[in-house]
file input.csv (CSV, C-alpha atoms)
chain,number,residue,atom,x,y,z
Q,77,MET,CA,-30.9,164.5,-232.2
Q,78,ALA,CA,-31.0,164.0,-228.4
Q,79,HIS,CA,-34.4,165.7,-228.4
Q,80,ASP,CA,-35.7,163.3,-231.2
Q,81,ASP,CA,-34.4,160.3,-229.2
Q,82,ALA,CA,-36.2,161.5,-226.1
Q,83,ASP,CA,-39.4,161.9,-228.1
Q,84,MET,CA,-39.1,158.4,-229.4
Q,85,ALA,CA,-38.5,156.9,-225.9
Q,86,GLU,CA,-41.4,158.9,-224.6
Q,87,ARG,CA,-43.6,157.8,-227.5
Q,88,ARG,CA,-42.8,154.1,-226.9
Q,89,GLY,CA,-43.1,154.3,-223.1
Q,90,PRO,CA,-44.8,151.3,-221.6
Q,91,PHE,CA,-46.7,150.6,-224.8
Q,92,TYR,CA,-44.1,150.5,-227.5
Q,93,SER,CA,-40.7,148.7,-227.7
Q,94,GLU,CA,-38.2,147.6,-230.2
Q,95,SER,CA,-38.8,144.3,-231.9
Q,96,ASN,CA,-35.4,142.6,-231.0
Q,97,ARG,CA,-36.8,140.6,-228.1
Q,98,VAL,CA,-39.8,139.5,-230.0
Q,99,GLU,CA,-37.7,138.3,-232.9
Q,100,ALA,CA,-35.3,136.4,-230.5
Q,101,PHE,CA,-38.2,134.7,-228.8
Q,102,SER,CA,-39.9,133.9,-232.1
Q,103,ASP,CA,-36.6,132.4,-233.5
Q,104,GLY,CA,-36.4,130.1,-230.5
Q,105,VAL,CA,-40.0,128.8,-231.1
Q,106,PHE,CA,-39.1,128.2,-234.8
Q,107,ALA,CA,-35.9,126.4,-233.9
Q,108,ILE,CA,-37.6,124.1,-231.4
Q,109,ALA,CA,-40.5,123.3,-233.7
Q,110,ILE,CA,-38.3,122.5,-236.7
Q,111,THR,CA,-36.1,120.3,-234.4
Q,112,LEU,CA,-39.0,118.3,-233.0
Q,113,LEU,CA,-40.0,117.2,-236.5
Q,114,VAL,CA,-37.1,114.7,-236.7
Q,115,LEU,CA,-38.3,112.9,-233.6
Q,116,GLU,CA,-41.2,111.5,-235.6
Q,117,LEU,CA,-38.9,109.6,-238.0
Q,118,ALA,CA,-39.1,106.0,-237.0
Q,119,ILE,CA,-35.9,104.1,-236.4
Q,120,PRO,CA,-35.9,100.6,-238.0
Q,121,ALA,CA,-36.3,97.9,-235.3
Q,122,THR,CA,-36.6,94.6,-237.2
Q,123,SER,CA,-33.4,92.7,-237.5
Q,124,GLY,CA,-32.5,91.9,-241.0
Q,125,HIS,CA,-35.2,94.1,-242.4
Q,126,PHE,CA,-33.8,97.6,-242.0
Q,127,ALA,CA,-33.9,98.3,-245.7
Q,128,GLU,CA,-37.6,97.4,-245.9
Q,129,ASP,CA,-38.4,99.3,-242.8
Q,130,LEU,CA,-36.8,102.4,-244.2
Q,131,ARG,CA,-38.5,102.0,-247.5
Q,132,ASP,CA,-41.9,101.6,-245.8
Q,133,GLU,CA,-41.4,105.0,-244.0
Q,134,TRP,CA,-41.3,107.0,-247.2
Q,135,VAL,CA,-44.4,109.0,-246.3
Q,136,SER,CA,-42.8,110.0,-243.0
Q,137,TYR,CA,-39.9,111.4,-245.0
Q,138,VAL,CA,-42.2,113.3,-247.4
Q,139,ALA,CA,-44.2,114.7,-244.4
Q,140,TYR,CA,-41.0,115.7,-242.7
Q,141,LEU,CA,-39.7,117.5,-245.8
Q,142,ALA,CA,-43.0,119.3,-246.3
Q,143,ALA,CA,-43.2,120.3,-242.6
Q,144,PHE,CA,-39.5,121.4,-242.5
Q,145,ALA,CA,-39.9,123.5,-245.6
Q,146,ASN,CA,-43.2,124.9,-244.3
Q,147,ILE,CA,-41.6,126.0,-241.0
Q,148,GLY,CA,-38.6,127.3,-242.9
Q,149,VAL,CA,-40.6,129.6,-245.2
Q,150,LEU,CA,-42.6,130.7,-242.2
Q,151,TRP,CA,-39.4,131.7,-240.5
Q,152,LEU,CA,-38.2,133.5,-243.7
Q,153,GLY,CA,-41.5,135.4,-243.9
Q,154,HIS,CA,-41.4,136.2,-240.2
Q,155,HIS,CA,-37.9,137.6,-240.7
Q,156,THR,CA,-38.9,139.7,-243.7
Q,157,VAL,CA,-42.0,141.1,-241.9
Q,158,PHE,CA,-40.0,142.1,-238.8
Q,159,THR,CA,-37.5,144.0,-241.0
Q,160,ARG,CA,-40.4,146.3,-241.7
Q,161,ILE,CA,-41.6,146.6,-238.1
Q,162,LYS,CA,-39.8,149.4,-236.3
Q,163,ALA,CA,-41.7,149.1,-233.0
Q,164,VAL,CA,-44.1,146.7,-231.4
Q,165,ASP,CA,-47.1,147.2,-229.1
Q,166,THR,CA,-49.4,144.7,-227.3
Q,167,GLY,CA,-51.4,144.2,-230.5
Q,168,VAL,CA,-48.4,143.0,-232.4
Q,169,LEU,CA,-47.3,140.9,-229.5
Q,170,TRP,CA,-50.6,139.0,-229.3
Q,171,ARG,CA,-50.8,138.5,-233.0
Q,172,ASN,CA,-47.2,137.2,-233.1
Q,173,LEU,CA,-48.1,134.7,-230.4
Q,174,VAL,CA,-51.0,133.5,-232.4
Q,175,LEU,CA,-48.7,133.0,-235.4
Q,176,LEU,CA,-46.2,131.1,-233.2
Q,177,LEU,CA,-49.0,128.9,-232.0
Q,178,THR,CA,-49.6,127.7,-235.5
Q,179,VAL,CA,-45.8,127.2,-235.9
Q,180,SER,CA,-45.3,125.2,-232.7
Q,181,VAL,CA,-48.2,122.8,-233.5
Q,182,VAL,CA,-46.8,121.8,-236.9
Q,183,PRO,CA,-45.0,118.7,-235.6
Q,184,PHE,CA,-48.3,117.2,-234.3
Q,185,PRO,CA,-50.2,116.8,-237.7
Q,186,THR,CA,-46.9,115.8,-239.3
Q,187,ALA,CA,-46.7,112.9,-236.8
Q,188,VAL,CA,-50.4,112.1,-237.4
Q,189,ILE,CA,-49.8,111.8,-241.1
Q,190,ALA,CA,-46.8,109.5,-240.5
Q,191,SER,CA,-48.8,107.3,-238.2
Q,192,ALA,CA,-51.8,107.2,-240.6
Q,193,TYR,CA,-49.7,106.0,-243.5
Q,194,ARG,CA,-47.8,103.6,-241.2
Q,195,VAL,CA,-50.7,101.8,-239.5
Q,196,GLY,CA,-53.9,103.6,-240.6
Q,197,THR,CA,-56.6,103.2,-243.1
Q,198,PRO,CA,-57.3,105.6,-246.1
Q,199,ALA,CA,-59.8,107.4,-243.9
Q,200,ASP,CA,-57.0,107.9,-241.3
Q,201,GLN,CA,-54.7,109.2,-244.0
Q,202,ALA,CA,-57.4,111.7,-245.0
Q,203,ALA,CA,-57.9,112.8,-241.4
Q,204,GLY,CA,-54.1,113.3,-241.1
Q,205,VAL,CA,-53.8,115.5,-244.1
Q,206,LEU,CA,-56.9,117.4,-243.0
Q,207,ALA,CA,-55.3,118.1,-239.6
Q,208,TYR,CA,-52.2,119.4,-241.4
Q,209,ALA,CA,-54.2,121.6,-243.7
Q,210,ILE,CA,-56.2,123.0,-240.8
Q,211,VAL,CA,-52.9,124.1,-239.1
Q,212,GLY,CA,-51.8,125.6,-242.4
Q,213,MET,CA,-55.1,127.5,-242.7
Q,214,GLY,CA,-54.5,128.7,-239.1
Q,215,SER,CA,-51.2,130.1,-240.2
Q,216,GLY,CA,-52.9,132.0,-243.0
Q,217,VAL,CA,-55.4,133.4,-240.5
Q,218,ALA,CA,-52.6,134.4,-238.1
Q,219,TRP,CA,-50.7,136.2,-240.9
Q,220,LEU,CA,-53.9,137.9,-242.0
Q,221,LEU,CA,-54.5,139.2,-238.4
Q,222,LEU,CA,-51.0,140.6,-238.2
Q,223,PHE,CA,-51.0,142.2,-241.7
Q,224,GLU,CA,-54.4,143.8,-241.1
Q,225,TYR,CA,-53.2,145.2,-237.7
Q,226,MET,CA,-50.1,146.6,-239.3
Q,227,ARG,CA,-52.1,148.2,-242.1
Q,228,ARG,CA,-54.2,150.0,-239.5
Q,229,HIS,CA,-51.1,151.1,-237.5
Q,230,PRO,CA,-48.6,152.7,-239.9
Q,231,ASP,CA,-46.7,154.3,-237.0
Q,232,LEU,CA,-45.4,150.8,-236.1
Q,233,SER,CA,-43.8,150.0,-239.5
Q,234,ASP,CA,-41.3,151.4,-242.0
Q,235,PRO,CA,-43.2,154.1,-243.9
Q,236,LEU,CA,-41.5,153.1,-247.2
Q,237,ARG,CA,-44.1,151.2,-249.3
Q,238,HIS,CA,-46.3,150.6,-246.2
Q,239,ASP,CA,-49.5,150.0,-248.0
Q,240,ASP,CA,-47.9,147.8,-250.7
Q,241,PHE,CA,-46.1,145.6,-248.2
Q,242,TRP,CA,-49.0,144.9,-245.8
Q,243,ARG,CA,-51.5,143.9,-248.5
Q,244,PRO,CA,-53.3,140.7,-247.5
Q,245,ASN,CA,-52.5,138.8,-250.7
Q,246,GLU,CA,-50.0,136.4,-249.3
Q,247,PRO,CA,-52.0,135.4,-246.1
Q,248,LEU,CA,-55.1,134.9,-248.3
Q,249,ILE,CA,-53.1,132.7,-250.7
Q,250,THR,CA,-51.9,130.6,-247.7
Q,251,LEU,CA,-55.4,130.4,-246.3
Q,252,PHE,CA,-57.2,129.4,-249.5
Q,253,GLY,CA,-54.3,127.2,-250.7
Q,254,TYR,CA,-54.5,125.0,-247.6
Q,255,ALA,CA,-58.3,125.0,-247.8
Q,256,ILE,CA,-58.1,123.6,-251.3
Q,257,ALA,CA,-55.5,121.0,-250.3
Q,258,ALA,CA,-57.8,120.0,-247.4
Q,259,LEU,CA,-60.7,119.4,-249.8
Q,260,ILE,CA,-58.5,117.4,-252.2
Q,261,GLY,CA,-57.1,115.3,-249.3
Q,262,TRP,CA,-60.6,114.6,-247.9
Q,263,PHE,CA,-62.6,114.0,-251.1
Q,264,VAL,CA,-60.0,113.0,-253.7
Q,265,SER,CA,-56.6,111.6,-252.4
Q,266,PRO,CA,-54.6,112.2,-249.3
Q,267,SER,CA,-51.4,111.5,-251.2
Q,268,ILE,CA,-52.2,114.3,-253.7
Q,269,ALA,CA,-52.8,116.7,-250.8
Q,270,LEU,CA,-49.4,115.6,-249.3
Q,271,ALA,CA,-47.7,116.4,-252.6
Q,272,ILE,CA,-49.4,119.8,-252.6
Q,273,PHE,CA,-48.1,120.5,-249.1
Q,274,LEU,CA,-44.6,119.8,-250.4
Q,275,LEU,CA,-45.1,122.2,-253.3
Q,276,PHE,CA,-46.4,125.1,-251.2
Q,277,PRO,CA,-42.9,126.2,-249.8
Q,278,ILE,CA,-41.4,125.9,-253.3
Q,279,VAL,CA,-44.1,128.2,-254.8
Q,280,TYR,CA,-43.5,130.6,-251.9
Q,281,VAL,CA,-39.8,130.8,-252.7
Q,282,VAL,CA,-40.5,131.3,-256.4
Q,283,ARG,CA,-43.0,134.1,-255.7
Q,284,VAL,CA,-40.5,135.9,-253.4
Q,285,ARG,CA,-37.7,135.6,-255.8
Q,286,SER,CA,-39.9,136.9,-258.6
Q,287,ALA,CA,-41.0,139.8,-256.5
Q,288,GLU,CA,-37.3,140.6,-255.6
Q,289,HIS,CA,-36.4,140.5,-259.3
Q,290,ARG,CA,-39.2,142.9,-260.3
Q,291,GLU,CA,-38.1,145.3,-257.6
Q,292,SER,CA,-34.5,145.3,-258.7

call {"tool": "encode", "arguments": {"input": "input.csv", "output": "structure tokens"}}
result
Amino acid sequence: MAHDDADMAERRGPFYSESNRVEAFSDGVFAIAITLLVLELAIPATSGHFAEDLRDEWVSYVAYLAAFANIGVLWLGHHTVFTRIKAVDTGVLWRNLVLLLTVSVVPFPTAVIASAYRVGTPADQAAGVLAYAIVGMGSGVAWLLLFEYMRRHPDLSDPLRHDDFWRPNEPLITLFGYAIAALIGWFVSPSIALAIFLLFPIVYVVRVRSAEHRES
């Protein structure tokens, strides 16, 4: 046993390490990003018209819920992925940073959407949902980069069902789903695209629960 531990330590050396620190850092980024979302909810400032002001901000609430749920399922996915990663190298670290980049920027297009519906034109609203969709597509690309890297480095992950777990299905669904939403938001209706953004996390949860049910 001691010999095996020594072999593992030697194998990891300066290139491999456990994933605990990566997960802790990532959790911090997720927590900050999801907290920043609430700062974009406007506080009523017109005396005697608080009810109207709150009602007029309905899109801000929808955008907030969509972004909160989006970051939430990203965190759930990140947690699930790292339960399968037994060691990390520089390749995993860089790809995880790319993923965190797409997480940390989510509050920005959320604020753009809120502003576009608050004071903008229909063209501004289309631009807002397009910006949000681009960030979502970036998330899909980031997941795809991580999944493809893990498929090519089976020594970094749990050998149990390695090939099945790291299939690119989910990242591709994310990528093309947001691409379709972007087209709908730009050419058809920004409000429909916003509704689709709200549905994406729900669909993800349903797919995960269905997969867990099949495995059990």

call {"tool": "residues_around", "arguments": {"input": "input.csv", "residues": "Ala257 in chain Q", "least_positions_apart": "2", "cutoff": "8 Å", "atoms": "all atoms listed in the file", "output": "list in words"}}
result
Ala209, Gly253, Tyr254, Ala255, Leu259, Ile260, Gly261, Ala269, Ile272 and Phe273 of chain Q

call {"tool": "closest_residue", "arguments": {"input": "input.csv", "among": "Q:Val188, Q:Val105, Q:Ser123, Q:Glu133", "to": "Leu176 in chain Q", "atoms": "all atoms listed in the file"}}
result
Q:Val105

call {"tool": "closest_residue", "arguments": {"input": "input.csv", "among": "Q:Ala163, Q:Trp262, Q:Pro247, Q:Ile108", "to": "Ala199 in chain Q", "atoms": "only C-alpha atoms"}}
result
Q:Trp262

call {"tool": "residues_around", "arguments": {"input": "input.csv", "residues": "Arg227 in chain Q", "least_positions_apart": "2", "cutoff": "12 Å", "atoms": "all atoms listed in the file", "output": "PyMOL selection string"}}
result
chain Q and resi 160-161+168+220-225+229-235+237-244

call {"tool": "atom_distance", "arguments": {"input": "input.csv", "atom1": "CA of Ser286 in chain Q", "atom2": "CA of Val217 in chain Q"}}
result
24.1 Å

call {"tool": "atom_distance", "arguments": {"input": "input.csv", "atom1": "CA of Phe144 in chain Q", "atom2": "CA of Ser95 in chain Q"}}
result
25.2 Å

call {"tool": "atom_distance", "arguments": {"input": "input.csv", "atom1": "CA of Leu169 in chain Q", "atom2": "CA of Ala142 in chain Q"}}
result
27.7 Å

call {"tool": "closest_residue", "arguments": {"input": "input.csv", "among": "Q:Gly153, Q:Pro277, Q:Pro266, Q:Gly204", "to": "Trp219 in chain Q", "atoms": "all atoms listed in the file"}}
result
Q:Gly153

call {"tool": "residues_around", "arguments": {"input": "input.csv", "residues": "Ala143 in chain Q", "least_positions_apart": "2", "cutoff": "8 Å", "atoms": "only C-alpha atoms", "output": "list in words"}}
result
Ile110, Leu113, Ala139, Tyr140, Leu141, Ala145, Asn146, Ile147, Val182, Pro183, Thr186 and Leu274 of chain Q

call {"tool": "closest_residue", "arguments": {"input": "input.csv", "among": "Q:Phe126, Q:Trp151, Q:Phe252, Q:Tyr137", "to": "Ala100 in chain Q", "atoms": "only C-alpha atoms"}}
result
Q:Trp151

call {"tool": "closest_residue", "arguments": {"input": "input.csv", "among": "Q:Ala207, Q:Val279, Q:Leu173, Q:Val98", "to": "Glu246 in chain Q", "atoms": "all atoms listed in the file"}}
result
Q:Val279

call {"tool": "closest_residue", "arguments": {"input": "input.csv", "among": "Q:Val149, Q:Ile278, Q:Val284, Q:Gly212", "to": "Ile256 in chain Q", "atoms": "all atoms listed in the file"}}
result
Q:Gly212

call {"tool": "residues_near_point", "arguments": {"input": "input.csv", "point": "(-40.6, 140.8, -233.1)", "cutoff": "10 Å", "atoms": "all atoms listed in the file", "output": "ChimeraX atom specification"}}
result
/Q:93-103,154-155,157-159,161-165,168-169,172

call {"tool": "decode", "arguments": {"input": "input.csv", "residues": "range 181-247 of chain Q", "atoms": "C-alpha atoms", "output": "mmCIF file, in the first residue's frame"}}
result
data_model
loop_
_atom_site.group_PDB
_atom_site.id
_atom_site.type_symbol
_atom_site.label_atom_id
_atom_site.label_comp_id
_atom_site.auth_asym_id
_atom_site.auth_seq_id
_atom_site.Cartn_x
_atom_site.Cartn_y
_atom_site.Cartn_z
ATOM 1 C CA VAL Q 181 -19.459 36.816 -17.571
ATOM 2 C CA VAL Q 182 -23.117 35.679 -17.293
ATOM 3 C CA PRO Q 183 -24.159 38.735 -15.190
ATOM 4 C CA PHE Q 184 -23.127 41.050 -18.050
ATOM 5 C CA PRO Q 185 -25.566 39.887 -20.781
ATOM 6 C CA THR Q 186 -28.211 39.499 -18.081
ATOM 7 C CA ALA Q 187 -27.809 43.202 -17.280
ATOM 8 C CA VAL Q 188 -27.852 44.039 -21.010
ATOM 9 C CA ILE Q 189 -31.177 42.240 -21.432
ATOM 10 C CA ALA Q 190 -32.663 44.058 -18.440
ATOM 11 C CA SER Q 191 -31.483 47.422 -19.770
ATOM 12 C CA ALA Q 192 -32.711 46.679 -23.290
ATOM 13 C CA TYR Q 193 -36.234 45.926 -22.080
ATOM 14 C CA ARG Q 194 -36.143 48.853 -19.669
ATOM 15 C CA VAL Q 195 -35.089 51.647 -22.024
ATOM 16 C CA GLY Q 196 -34.170 50.053 -25.360
ATOM 17 C CA THR Q 197 -35.782 49.358 -28.694
ATOM 18 C CA PRO Q 198 -36.729 45.927 -30.119
ATOM 19 C CA ALA Q 199 -33.349 45.920 -31.877
ATOM 20 C CA ASP Q 200 -31.663 46.503 -28.503
ATOM 21 C CA GLN Q 201 -33.636 43.620 -27.029
ATOM 22 C CA ALA Q 202 -32.513 41.345 -29.866
ATOM 23 C CA ALA Q 203 -28.914 42.409 -29.261
ATOM 24 C CA GLY Q 204 -29.293 41.639 -25.549
ATOM 25 C CA VAL Q 205 -30.573 38.103 -26.034
ATOM 26 C CA LEU Q 206 -27.931 37.548 -28.727
ATOM 27 C CA ALA Q 207 -25.214 38.516 -26.235
ATOM 28 C CA TYR Q 208 -26.670 36.104 -23.683
ATOM 29 C CA ALA Q 209 -26.843 33.321 -26.277
ATOM 30 C CA ILE Q 210 -23.223 33.893 -27.298
ATOM 31 C CA VAL Q 211 -22.149 33.437 -23.676
ATOM 32 C CA GLY Q 212 -24.231 30.248 -23.527
ATOM 33 C CA MET Q 213 -22.585 28.991 -26.716
ATOM 34 C CA GLY Q 214 -19.214 29.810 -25.185
ATOM 35 C CA SER Q 215 -20.155 27.625 -22.238
ATOM 36 C CA GLY Q 216 -20.954 24.770 -24.603
ATOM 37 C CA VAL Q 217 -17.576 25.179 -26.307
ATOM 38 C CA ALA Q 218 -15.804 25.240 -22.929
ATOM 39 C CA TRP Q 219 -17.517 22.013 -21.858
ATOM 40 C CA LEU Q 220 -16.677 20.443 -25.201
ATOM 41 C CA LEU Q 221 -12.988 21.319 -24.797
ATOM 42 C CA LEU Q 222 -12.937 19.783 -21.310
ATOM 43 C CA PHE Q 223 -14.817 16.639 -22.339
ATOM 44 C CA GLU Q 224 -12.630 16.033 -25.382
ATOM 45 C CA TYR Q 225 -9.482 16.477 -23.300
ATOM 46 C CA MET Q 226 -10.716 14.042 -20.676
ATOM 47 C CA ARG Q 227 -11.615 11.485 -23.356
ATOM 48 C CA ARG Q 228 -8.031 11.644 -24.607
ATOM 49 C CA HIS Q 229 -6.583 11.336 -21.083
ATOM 50 C CA PRO Q 230 -8.298 8.384 -19.390
ATOM 51 C CA ASP Q 231 -5.573 8.302 -16.726
ATOM 52 C CA LEU Q 232 -7.067 11.475 -15.215
ATOM 53 C CA SER Q 233 -10.561 10.155 -14.621
ATOM 54 C CA ASP Q 234 -12.444 7.359 -12.969
ATOM 55 C CA PRO Q 235 -12.080 4.323 -15.257
ATOM 56 C CA LEU Q 236 -15.668 3.269 -14.560
ATOM 57 C CA ARG Q 237 -17.710 4.070 -17.696
ATOM 58 C CA HIS Q 238 -15.032 6.483 -18.893
ATOM 59 C CA ASP Q 239 -16.072 6.530 -22.551
ATOM 60 C CA ASP Q 240 -19.782 6.801 -21.777
ATOM 61 C CA PHE Q 241 -19.423 9.698 -19.346
ATOM 62 C CA TRP Q 242 -17.163 11.865 -21.513
ATOM 63 C CA ARG Q 243 -19.263 11.690 -24.644
ATOM 64 C CA PRO Q 244 -19.728 15.178 -26.181
ATOM 65 C CA ASN Q 245 -23.532 14.911 -26.293
ATOM 66 C CA GLU Q 246 -24.333 17.384 -23.515
ATOM 67 C CA PRO Q 247 -21.831 20.081 -24.596
#
